[in-house]
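Raw upload-v7.txt, compact mmCIF, N, CA and C atoms:
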```txt
# COMPACT_ATOMS: atom_id res chain seq x y z
N MET A 1 0.84 -1.19 0.00
CA MET A 1 0.00 0.00 0.00
C MET A 1 0.88 1.25 0.00
N LYS A 2 0.55 2.19 -0.85
CA LYS A 2 1.30 3.43 -0.96
C LYS A 2 1.05 4.29 0.27
N ASP A 3 2.13 4.87 0.77
CA ASP A 3 1.98 5.76 1.92
C ASP A 3 1.24 7.02 1.50
N ARG A 4 0.49 7.59 2.39
CA ARG A 4 -0.31 8.77 2.08
C ARG A 4 0.57 10.01 2.12
N SER A 5 0.22 10.98 1.32
CA SER A 5 0.99 12.21 1.23
C SER A 5 0.68 13.14 2.40
N ASP A 6 1.53 14.14 2.56
CA ASP A 6 1.26 15.17 3.58
C ASP A 6 -0.06 15.86 3.30
N ILE A 7 -0.35 16.11 2.04
CA ILE A 7 -1.62 16.77 1.69
C ILE A 7 -2.79 15.91 2.15
N ASP A 8 -2.71 14.61 1.91
CA ASP A 8 -3.79 13.70 2.36
C ASP A 8 -3.96 13.78 3.87
N ARG A 9 -2.85 13.77 4.58
CA ARG A 9 -2.91 13.79 6.05
C ARG A 9 -3.45 15.13 6.56
N LEU A 10 -3.05 16.20 5.92
CA LEU A 10 -3.55 17.52 6.31
C LEU A 10 -5.06 17.64 6.06
N LYS A 11 -5.51 17.05 4.98
CA LYS A 11 -6.96 17.03 4.71
C LYS A 11 -7.68 16.20 5.76
N ASP A 12 -7.05 15.10 6.22
CA ASP A 12 -7.62 14.31 7.31
C ASP A 12 -7.78 15.16 8.57
N ILE A 13 -6.78 15.97 8.85
CA ILE A 13 -6.83 16.85 10.03
C ILE A 13 -8.03 17.78 9.92
N ASN A 14 -8.18 18.42 8.77
CA ASN A 14 -9.28 19.38 8.65
C ASN A 14 -10.65 18.70 8.63
N ARG A 15 -10.73 17.49 8.07
CA ARG A 15 -12.01 16.76 8.14
C ARG A 15 -12.36 16.43 9.59
N ALA A 16 -11.36 16.05 10.36
CA ALA A 16 -11.60 15.74 11.78
C ALA A 16 -12.02 16.99 12.55
N ILE A 17 -11.40 18.13 12.25
CA ILE A 17 -11.80 19.39 12.88
C ILE A 17 -13.25 19.69 12.55
N GLN A 18 -13.63 19.52 11.29
CA GLN A 18 -15.01 19.79 10.89
C GLN A 18 -15.99 18.86 11.61
N LYS A 19 -15.60 17.61 11.80
CA LYS A 19 -16.47 16.68 12.54
C LYS A 19 -16.63 17.11 13.99
N ILE A 20 -15.54 17.51 14.62
CA ILE A 20 -15.62 17.98 16.01
C ILE A 20 -16.56 19.17 16.10
N GLU A 21 -16.43 20.09 15.17
CA GLU A 21 -17.31 21.27 15.17
C GLU A 21 -18.77 20.86 14.99
N LYS A 22 -19.01 19.91 14.09
CA LYS A 22 -20.38 19.44 13.85
C LYS A 22 -20.95 18.76 15.09
N TYR A 23 -20.16 17.90 15.72
CA TYR A 23 -20.64 17.14 16.87
C TYR A 23 -20.91 18.03 18.09
N THR A 24 -20.23 19.17 18.17
CA THR A 24 -20.37 20.04 19.34
C THR A 24 -21.16 21.30 19.04
N GLU A 25 -21.69 21.37 17.85
CA GLU A 25 -22.48 22.53 17.46
C GLU A 25 -23.64 22.72 18.44
N ASN A 26 -23.83 23.93 18.87
CA ASN A 26 -24.92 24.29 19.79
C ASN A 26 -24.77 23.70 21.18
N LEU A 27 -23.60 23.19 21.53
CA LEU A 27 -23.38 22.67 22.88
C LEU A 27 -22.56 23.66 23.70
N PHE A 28 -22.80 23.64 24.98
CA PHE A 28 -21.95 24.35 25.92
C PHE A 28 -21.11 23.32 26.68
N LEU A 29 -20.12 23.80 27.40
CA LEU A 29 -19.21 22.91 28.12
C LEU A 29 -19.98 21.92 29.00
N GLU A 30 -20.93 22.39 29.77
CA GLU A 30 -21.66 21.50 30.68
C GLU A 30 -22.37 20.38 29.92
N GLU A 31 -22.95 20.69 28.78
CA GLU A 31 -23.62 19.66 27.98
C GLU A 31 -22.59 18.66 27.43
N PHE A 32 -21.43 19.17 27.02
CA PHE A 32 -20.35 18.30 26.56
C PHE A 32 -19.90 17.36 27.68
N GLU A 33 -19.74 17.91 28.86
CA GLU A 33 -19.29 17.10 30.01
C GLU A 33 -20.28 15.99 30.35
N ASN A 34 -21.54 16.19 30.02
CA ASN A 34 -22.57 15.21 30.38
C ASN A 34 -22.99 14.30 29.23
N ASN A 35 -22.31 14.39 28.10
CA ASN A 35 -22.71 13.60 26.94
C ASN A 35 -21.53 12.72 26.49
N GLU A 36 -21.52 11.49 26.99
CA GLU A 36 -20.41 10.59 26.71
C GLU A 36 -20.27 10.25 25.23
N MET A 37 -21.39 10.18 24.52
CA MET A 37 -21.33 9.85 23.11
C MET A 37 -20.60 10.96 22.33
N VAL A 38 -20.92 12.19 22.63
CA VAL A 38 -20.23 13.31 21.98
C VAL A 38 -18.77 13.34 22.40
N GLN A 39 -18.50 13.10 23.66
CA GLN A 39 -17.11 13.05 24.12
C GLN A 39 -16.31 12.03 23.32
N ASP A 40 -16.87 10.83 23.17
CA ASP A 40 -16.18 9.78 22.43
C ASP A 40 -15.91 10.19 20.99
N ALA A 41 -16.89 10.82 20.36
CA ALA A 41 -16.72 11.27 18.98
C ALA A 41 -15.64 12.35 18.88
N VAL A 42 -15.64 13.26 19.82
CA VAL A 42 -14.64 14.33 19.84
C VAL A 42 -13.25 13.76 20.12
N PHE A 43 -13.15 12.88 21.10
CA PHE A 43 -11.84 12.27 21.41
C PHE A 43 -11.29 11.53 20.19
N LYS A 44 -12.13 10.75 19.54
CA LYS A 44 -11.70 9.99 18.37
C LYS A 44 -11.13 10.93 17.31
N ASN A 45 -11.79 12.04 17.08
CA ASN A 45 -11.33 12.95 16.04
C ASN A 45 -10.09 13.73 16.46
N PHE A 46 -9.94 14.01 17.75
CA PHE A 46 -8.67 14.56 18.22
C PHE A 46 -7.55 13.54 18.02
N GLU A 47 -7.85 12.26 18.23
CA GLU A 47 -6.85 11.22 17.99
C GLU A 47 -6.45 11.18 16.51
N VAL A 48 -7.43 11.31 15.62
CA VAL A 48 -7.14 11.34 14.18
C VAL A 48 -6.24 12.54 13.86
N ILE A 49 -6.56 13.69 14.42
CA ILE A 49 -5.75 14.88 14.21
C ILE A 49 -4.32 14.63 14.65
N GLY A 50 -4.16 14.06 15.84
CA GLY A 50 -2.83 13.81 16.38
C GLY A 50 -2.05 12.79 15.58
N GLU A 51 -2.72 11.73 15.16
CA GLU A 51 -2.04 10.69 14.38
C GLU A 51 -1.65 11.21 13.00
N ALA A 52 -2.55 11.95 12.37
CA ALA A 52 -2.24 12.53 11.06
C ALA A 52 -1.07 13.51 11.18
N ALA A 53 -1.08 14.32 12.23
CA ALA A 53 0.02 15.27 12.45
C ALA A 53 1.34 14.54 12.65
N TYR A 54 1.29 13.46 13.41
CA TYR A 54 2.49 12.65 13.66
C TYR A 54 3.08 12.11 12.36
N LYS A 55 2.22 11.76 11.42
CA LYS A 55 2.65 11.15 10.16
C LYS A 55 3.08 12.17 9.10
N VAL A 56 2.82 13.46 9.34
CA VAL A 56 3.32 14.48 8.41
C VAL A 56 4.85 14.41 8.44
N THR A 57 5.46 14.58 7.27
CA THR A 57 6.91 14.43 7.18
C THR A 57 7.66 15.47 8.02
N LYS A 58 8.85 15.10 8.44
CA LYS A 58 9.69 16.00 9.22
C LYS A 58 10.00 17.27 8.43
N LYS A 59 10.17 17.12 7.14
CA LYS A 59 10.47 18.26 6.27
C LYS A 59 9.34 19.30 6.35
N THR A 60 8.12 18.85 6.18
CA THR A 60 6.97 19.77 6.23
C THR A 60 6.85 20.40 7.61
N LYS A 61 7.03 19.60 8.65
CA LYS A 61 6.96 20.15 10.01
C LYS A 61 8.03 21.21 10.24
N ALA A 62 9.25 20.94 9.78
CA ALA A 62 10.36 21.88 9.97
C ALA A 62 10.11 23.18 9.21
N GLU A 63 9.49 23.08 8.06
CA GLU A 63 9.22 24.27 7.23
C GLU A 63 8.00 25.04 7.70
N HIS A 64 7.20 24.45 8.57
CA HIS A 64 5.94 25.09 9.01
C HIS A 64 5.79 24.98 10.52
N GLN A 65 6.70 25.65 11.19
CA GLN A 65 6.71 25.61 12.65
C GLN A 65 5.65 26.51 13.28
N GLU A 66 4.89 27.21 12.45
CA GLU A 66 3.77 27.99 12.98
C GLU A 66 2.67 27.07 13.50
N ILE A 67 2.71 25.81 13.10
CA ILE A 67 1.77 24.80 13.59
C ILE A 67 2.43 24.07 14.76
N GLU A 68 1.70 23.93 15.85
CA GLU A 68 2.24 23.32 17.07
C GLU A 68 2.16 21.80 16.98
N TRP A 69 2.98 21.24 16.10
CA TRP A 69 2.95 19.81 15.81
C TRP A 69 3.08 18.97 17.08
N ARG A 70 4.04 19.30 17.92
CA ARG A 70 4.30 18.48 19.11
C ARG A 70 3.14 18.52 20.10
N LYS A 71 2.52 19.68 20.25
CA LYS A 71 1.36 19.78 21.15
C LYS A 71 0.19 18.97 20.61
N ILE A 72 0.01 19.00 19.30
CA ILE A 72 -1.07 18.23 18.68
C ILE A 72 -0.84 16.74 18.93
N GLU A 73 0.38 16.31 18.71
CA GLU A 73 0.72 14.90 18.93
C GLU A 73 0.60 14.52 20.41
N ALA A 74 0.96 15.44 21.28
CA ALA A 74 0.89 15.18 22.73
C ALA A 74 -0.55 15.00 23.19
N LEU A 75 -1.47 15.77 22.63
CA LEU A 75 -2.88 15.61 23.01
C LEU A 75 -3.38 14.23 22.60
N ARG A 76 -3.02 13.79 21.41
CA ARG A 76 -3.40 12.44 20.97
C ARG A 76 -2.85 11.40 21.93
N HIS A 77 -1.59 11.56 22.31
CA HIS A 77 -0.97 10.61 23.24
C HIS A 77 -1.73 10.58 24.57
N LYS A 78 -2.09 11.74 25.06
CA LYS A 78 -2.83 11.83 26.32
C LYS A 78 -4.18 11.11 26.21
N LEU A 79 -4.89 11.35 25.11
CA LEU A 79 -6.21 10.73 24.94
C LEU A 79 -6.12 9.21 24.82
N VAL A 80 -5.08 8.73 24.18
CA VAL A 80 -4.95 7.29 23.95
C VAL A 80 -4.37 6.57 25.16
N HIS A 81 -3.31 7.13 25.73
CA HIS A 81 -2.57 6.41 26.77
C HIS A 81 -2.94 6.81 28.20
N ASP A 82 -3.40 8.04 28.37
CA ASP A 82 -3.78 8.52 29.71
C ASP A 82 -5.27 8.87 29.73
N TYR A 83 -6.05 8.05 29.06
CA TYR A 83 -7.49 8.27 28.89
C TYR A 83 -8.21 8.47 30.22
N TYR A 84 -7.71 7.91 31.28
CA TYR A 84 -8.35 7.99 32.59
C TYR A 84 -8.11 9.34 33.27
N GLU A 85 -7.27 10.18 32.69
CA GLU A 85 -6.96 11.49 33.26
C GLU A 85 -7.44 12.66 32.39
N ILE A 86 -8.34 12.41 31.48
CA ILE A 86 -8.76 13.45 30.54
C ILE A 86 -9.53 14.53 31.28
N ASP A 87 -9.11 15.76 31.05
CA ASP A 87 -9.77 16.93 31.63
C ASP A 87 -10.68 17.52 30.56
N MET A 88 -11.98 17.41 30.79
CA MET A 88 -12.96 17.87 29.79
C MET A 88 -12.83 19.36 29.49
N VAL A 89 -12.46 20.14 30.48
CA VAL A 89 -12.32 21.58 30.28
C VAL A 89 -11.17 21.86 29.31
N ILE A 90 -10.07 21.14 29.46
CA ILE A 90 -8.94 21.31 28.55
C ILE A 90 -9.33 20.91 27.13
N VAL A 91 -10.01 19.80 26.99
CA VAL A 91 -10.46 19.36 25.67
C VAL A 91 -11.38 20.41 25.06
N TRP A 92 -12.33 20.88 25.84
CA TRP A 92 -13.29 21.88 25.36
C TRP A 92 -12.57 23.18 24.97
N ASN A 93 -11.68 23.66 25.82
CA ASN A 93 -10.96 24.89 25.51
C ASN A 93 -10.07 24.74 24.28
N THR A 94 -9.50 23.57 24.11
CA THR A 94 -8.71 23.31 22.90
C THR A 94 -9.59 23.38 21.67
N LYS A 95 -10.76 22.78 21.77
CA LYS A 95 -11.72 22.82 20.66
C LYS A 95 -12.12 24.26 20.35
N GLU A 96 -12.41 25.01 21.37
CA GLU A 96 -12.90 26.38 21.18
C GLU A 96 -11.81 27.35 20.71
N LYS A 97 -10.62 27.22 21.27
CA LYS A 97 -9.58 28.24 21.06
C LYS A 97 -8.54 27.85 20.02
N LYS A 98 -8.22 26.58 19.92
CA LYS A 98 -7.12 26.16 19.05
C LYS A 98 -7.57 25.63 17.69
N LEU A 99 -8.70 24.94 17.64
CA LEU A 99 -9.09 24.31 16.38
C LEU A 99 -9.41 25.29 15.25
N PRO A 100 -10.09 26.40 15.51
CA PRO A 100 -10.34 27.33 14.40
C PRO A 100 -9.04 27.85 13.77
N GLU A 101 -8.09 28.19 14.60
CA GLU A 101 -6.79 28.67 14.10
C GLU A 101 -6.06 27.55 13.36
N LEU A 102 -6.07 26.35 13.92
CA LEU A 102 -5.41 25.22 13.27
C LEU A 102 -6.04 24.95 11.91
N PHE A 103 -7.35 24.99 11.84
CA PHE A 103 -8.04 24.76 10.57
C PHE A 103 -7.52 25.72 9.50
N ASP A 104 -7.43 26.99 9.84
CA ASP A 104 -6.96 28.00 8.88
C ASP A 104 -5.50 27.77 8.49
N LEU A 105 -4.66 27.43 9.46
CA LEU A 105 -3.25 27.16 9.16
C LEU A 105 -3.10 25.95 8.24
N ILE A 106 -3.92 24.95 8.47
CA ILE A 106 -3.86 23.74 7.64
C ILE A 106 -4.34 24.04 6.22
N ILE A 107 -5.39 24.82 6.09
CA ILE A 107 -5.87 25.22 4.76
C ILE A 107 -4.75 25.92 4.00
N ASP A 108 -4.10 26.87 4.65
CA ASP A 108 -3.00 27.60 4.00
C ASP A 108 -1.88 26.64 3.59
N LEU A 109 -1.55 25.71 4.45
CA LEU A 109 -0.48 24.76 4.16
C LEU A 109 -0.86 23.83 3.01
N ILE A 110 -2.07 23.36 2.99
CA ILE A 110 -2.54 22.52 1.88
C ILE A 110 -2.40 23.29 0.56
N GLU A 111 -2.87 24.53 0.55
CA GLU A 111 -2.79 25.34 -0.67
C GLU A 111 -1.35 25.52 -1.12
N LYS A 112 -0.44 25.75 -0.16
CA LYS A 112 0.97 25.92 -0.51
C LYS A 112 1.55 24.63 -1.08
N LEU A 113 1.28 23.52 -0.44
CA LEU A 113 1.82 22.25 -0.91
C LEU A 113 1.25 21.86 -2.28
N GLU A 114 -0.03 22.13 -2.49
CA GLU A 114 -0.62 21.85 -3.79
C GLU A 114 -0.02 22.73 -4.88
N ALA A 115 0.23 23.99 -4.56
CA ALA A 115 0.87 24.90 -5.51
C ALA A 115 2.30 24.43 -5.81
N ASP A 116 3.00 23.98 -4.79
CA ASP A 116 4.36 23.47 -4.98
C ASP A 116 4.36 22.24 -5.89
N GLU A 117 3.37 21.37 -5.70
CA GLU A 117 3.26 20.17 -6.55
C GLU A 117 3.02 20.54 -8.01
N LYS A 118 2.18 21.55 -8.24
CA LYS A 118 1.86 21.96 -9.60
C LYS A 118 3.06 22.61 -10.30
N SER A 119 3.94 23.21 -9.52
CA SER A 119 5.10 23.88 -10.12
C SER A 119 6.23 22.91 -10.46
N LEU A 120 6.10 21.66 -10.06
CA LEU A 120 7.15 20.67 -10.35
C LEU A 120 7.10 20.20 -11.79
```

As structure tokens - that is how I would like this structure written.
Amino acid sequence: MKDRSDIDRLKDINRAIQKIEKYTENLFLEEFENNEMVQDAVFKNFEVIGEAAYKVTKKTKAEHQEIEWRKIEALRHKLVHDYYEIDMVIVWNTKEKKLPELFDLIIDLIEKLEADEKSL
């Protein structure tokens, strides 16, 4: 099986962000804290974001340090390996404060990489 490109992985990140936004639309923190099904869906998509970020090449990460690659990967690690210590407020605040900015940064990066591919 052919390995997926950075563009593919970046698109995975933005699809996962869109799913998180859809699943939490019209919810407040308290409702999120009390809805295990939504929590599971959000956690899964944060895991996808973290795994996709981890698989982005070192070259792309080094050239685009405006994206907090290590923090993204660390959140995935926390959700997968330290699942019993998840702080819902941190997850919620990350969703509210970090994901919109990350979405925009990823869009810009996808556009740049696609333009670079076309110029080859």

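Take the candidates A:Arg70, A:Lys22, A:Arg9, A:Arg76 and check each one against A:Ala52 using only C-alpha atoms; the shortest distance goes to A:Arg9.
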
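Our summary of the geometry notes that atom C of A:Ile7 is positioned 8.2 Å from atom C of A:Leu109.
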
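Note that the spacing between atom CA of A:Glu33 and atom CA of A:Met88 amounts to 6.4 Å.
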
Please extract the residues of chain A with a backbone DSSP assignment of helix (DSSP H, G or I) and present them as a ChimeraX atom specification.
/A:6-24,29-33,36-55,58-63,69-81,83-85,88-118

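With distances restricted to only C-alpha atoms, A:Ile13 is the closest residue to A:Phe46 from A:Ile67, A:Ile13, A:Ala62, A:Leu29.
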
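Across the structure, atom C of A:Asn34 and atom C of A:Val91 are spaced 13.8 Å apart.
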
So that I can see what lies close to A:Lys98, please list as a tab-separated table (two decimals) with N, CA and C atoms, keeping the file's coordinate frame the residues with an atom at most 12 Å from it, counting only C-alpha atoms and leaving out residues fewer than 2 positions away in the same chain.
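Below is the file around-v5.tsv, written as the result:
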```tsv
chain	number	residue	atom	x	y	z
A	17	ILE	N	-11.40	18.13	12.25
A	17	ILE	CA	-11.80	19.39	12.88
A	17	ILE	C	-13.25	19.69	12.55
A	21	GLU	N	-16.43	20.09	15.17
A	21	GLU	CA	-17.31	21.27	15.17
A	21	GLU	C	-18.77	20.86	14.99
A	46	PHE	N	-9.94	14.01	17.75
A	46	PHE	CA	-8.67	14.56	18.22
A	46	PHE	C	-7.55	13.54	18.02
A	67	ILE	N	2.71	25.81	13.10
A	67	ILE	CA	1.77	24.80	13.59
A	67	ILE	C	2.43	24.07	14.76
A	68	GLU	N	1.70	23.93	15.85
A	68	GLU	CA	2.24	23.32	17.07
A	68	GLU	C	2.16	21.80	16.98
A	71	LYS	N	2.52	19.68	20.25
A	71	LYS	CA	1.36	19.78	21.15
A	71	LYS	C	0.19	18.97	20.61
A	72	ILE	N	0.01	19.00	19.30
A	72	ILE	CA	-1.07	18.23	18.68
A	72	ILE	C	-0.84	16.74	18.93
A	90	ILE	N	-10.07	21.14	29.46
A	90	ILE	CA	-8.94	21.31	28.55
A	90	ILE	C	-9.33	20.91	27.13
A	91	VAL	N	-10.01	19.80	26.99
A	91	VAL	CA	-10.46	19.36	25.67
A	91	VAL	C	-11.38	20.41	25.06
A	92	TRP	N	-12.33	20.88	25.84
A	92	TRP	CA	-13.29	21.88	25.36
A	92	TRP	C	-12.57	23.18	24.97
A	93	ASN	N	-11.68	23.66	25.82
A	93	ASN	CA	-10.96	24.89	25.51
A	93	ASN	C	-10.07	24.74	24.28
A	94	THR	N	-9.50	23.57	24.11
A	94	THR	CA	-8.71	23.31	22.90
A	94	THR	C	-9.59	23.38	21.67
A	95	LYS	N	-10.76	22.78	21.77
A	95	LYS	CA	-11.72	22.82	20.66
A	95	LYS	C	-12.12	24.26	20.35
A	96	GLU	N	-12.41	25.01	21.37
A	96	GLU	CA	-12.90	26.38	21.18
A	96	GLU	C	-11.81	27.35	20.71
A	100	PRO	N	-10.09	26.40	15.51
A	100	PRO	CA	-10.34	27.33	14.40
A	100	PRO	C	-9.04	27.85	13.77
A	101	GLU	N	-8.09	28.19	14.60
A	101	GLU	CA	-6.79	28.67	14.10
A	101	GLU	C	-6.06	27.55	13.36
A	102	LEU	N	-6.07	26.35	13.92
A	102	LEU	CA	-5.41	25.22	13.27
A	102	LEU	C	-6.04	24.95	11.91
A	103	PHE	N	-7.35	24.99	11.84
A	103	PHE	CA	-8.04	24.76	10.57
A	103	PHE	C	-7.52	25.72	9.50
A	104	ASP	N	-7.43	26.99	9.84
A	104	ASP	CA	-6.96	28.00	8.88
A	104	ASP	C	-5.50	27.77	8.49
A	105	LEU	N	-4.66	27.43	9.46
A	105	LEU	CA	-3.25	27.16	9.16
A	105	LEU	C	-3.10	25.95	8.24
```

Could you pull the residues within 12 Å of A:Glu111, counting only C-alpha atoms, minus those fewer than 4 positions along the same chain, as a list in words?
Asp6, Ile7, Leu10, Lys11, Asp104, Leu105, Ile106, Ile107, Ala115, Asp116, Glu117 and Lys118 of chain A

Go ahead and dump the residues you just picked, N, CA and C atoms, as a compact mmCIF listing (two decimals), in the frame of the given file.
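Written file, out_19.txt:
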```txt
# COMPACT_ATOMS: atom_id res chain seq x y z
N ASP A 6 1.53 14.14 2.56
CA ASP A 6 1.26 15.17 3.58
C ASP A 6 -0.06 15.86 3.30
N ILE A 7 -0.35 16.11 2.04
CA ILE A 7 -1.62 16.77 1.69
C ILE A 7 -2.79 15.91 2.15
N LEU A 10 -3.05 16.20 5.92
CA LEU A 10 -3.55 17.52 6.31
C LEU A 10 -5.06 17.64 6.06
N LYS A 11 -5.51 17.05 4.98
CA LYS A 11 -6.96 17.03 4.71
C LYS A 11 -7.68 16.20 5.76
N ASP A 104 -7.43 26.99 9.84
CA ASP A 104 -6.96 28.00 8.88
C ASP A 104 -5.50 27.77 8.49
N LEU A 105 -4.66 27.43 9.46
CA LEU A 105 -3.25 27.16 9.16
C LEU A 105 -3.10 25.95 8.24
N ILE A 106 -3.92 24.95 8.47
CA ILE A 106 -3.86 23.74 7.64
C ILE A 106 -4.34 24.04 6.22
N ILE A 107 -5.39 24.82 6.09
CA ILE A 107 -5.87 25.22 4.76
C ILE A 107 -4.75 25.92 4.00
N ALA A 115 0.23 23.99 -4.56
CA ALA A 115 0.87 24.90 -5.51
C ALA A 115 2.30 24.43 -5.81
N ASP A 116 3.00 23.98 -4.79
CA ASP A 116 4.36 23.47 -4.98
C ASP A 116 4.36 22.24 -5.89
N GLU A 117 3.37 21.37 -5.70
CA GLU A 117 3.26 20.17 -6.55
C GLU A 117 3.02 20.54 -8.01
N LYS A 118 2.18 21.55 -8.24
CA LYS A 118 1.86 21.96 -9.60
C LYS A 118 3.06 22.61 -10.30
```

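Considering all atoms listed in the file, the residue among A:His81, A:Asp87, A:Ser5, A:Gly50 positioned nearest to A:Trp69 is A:Gly50.
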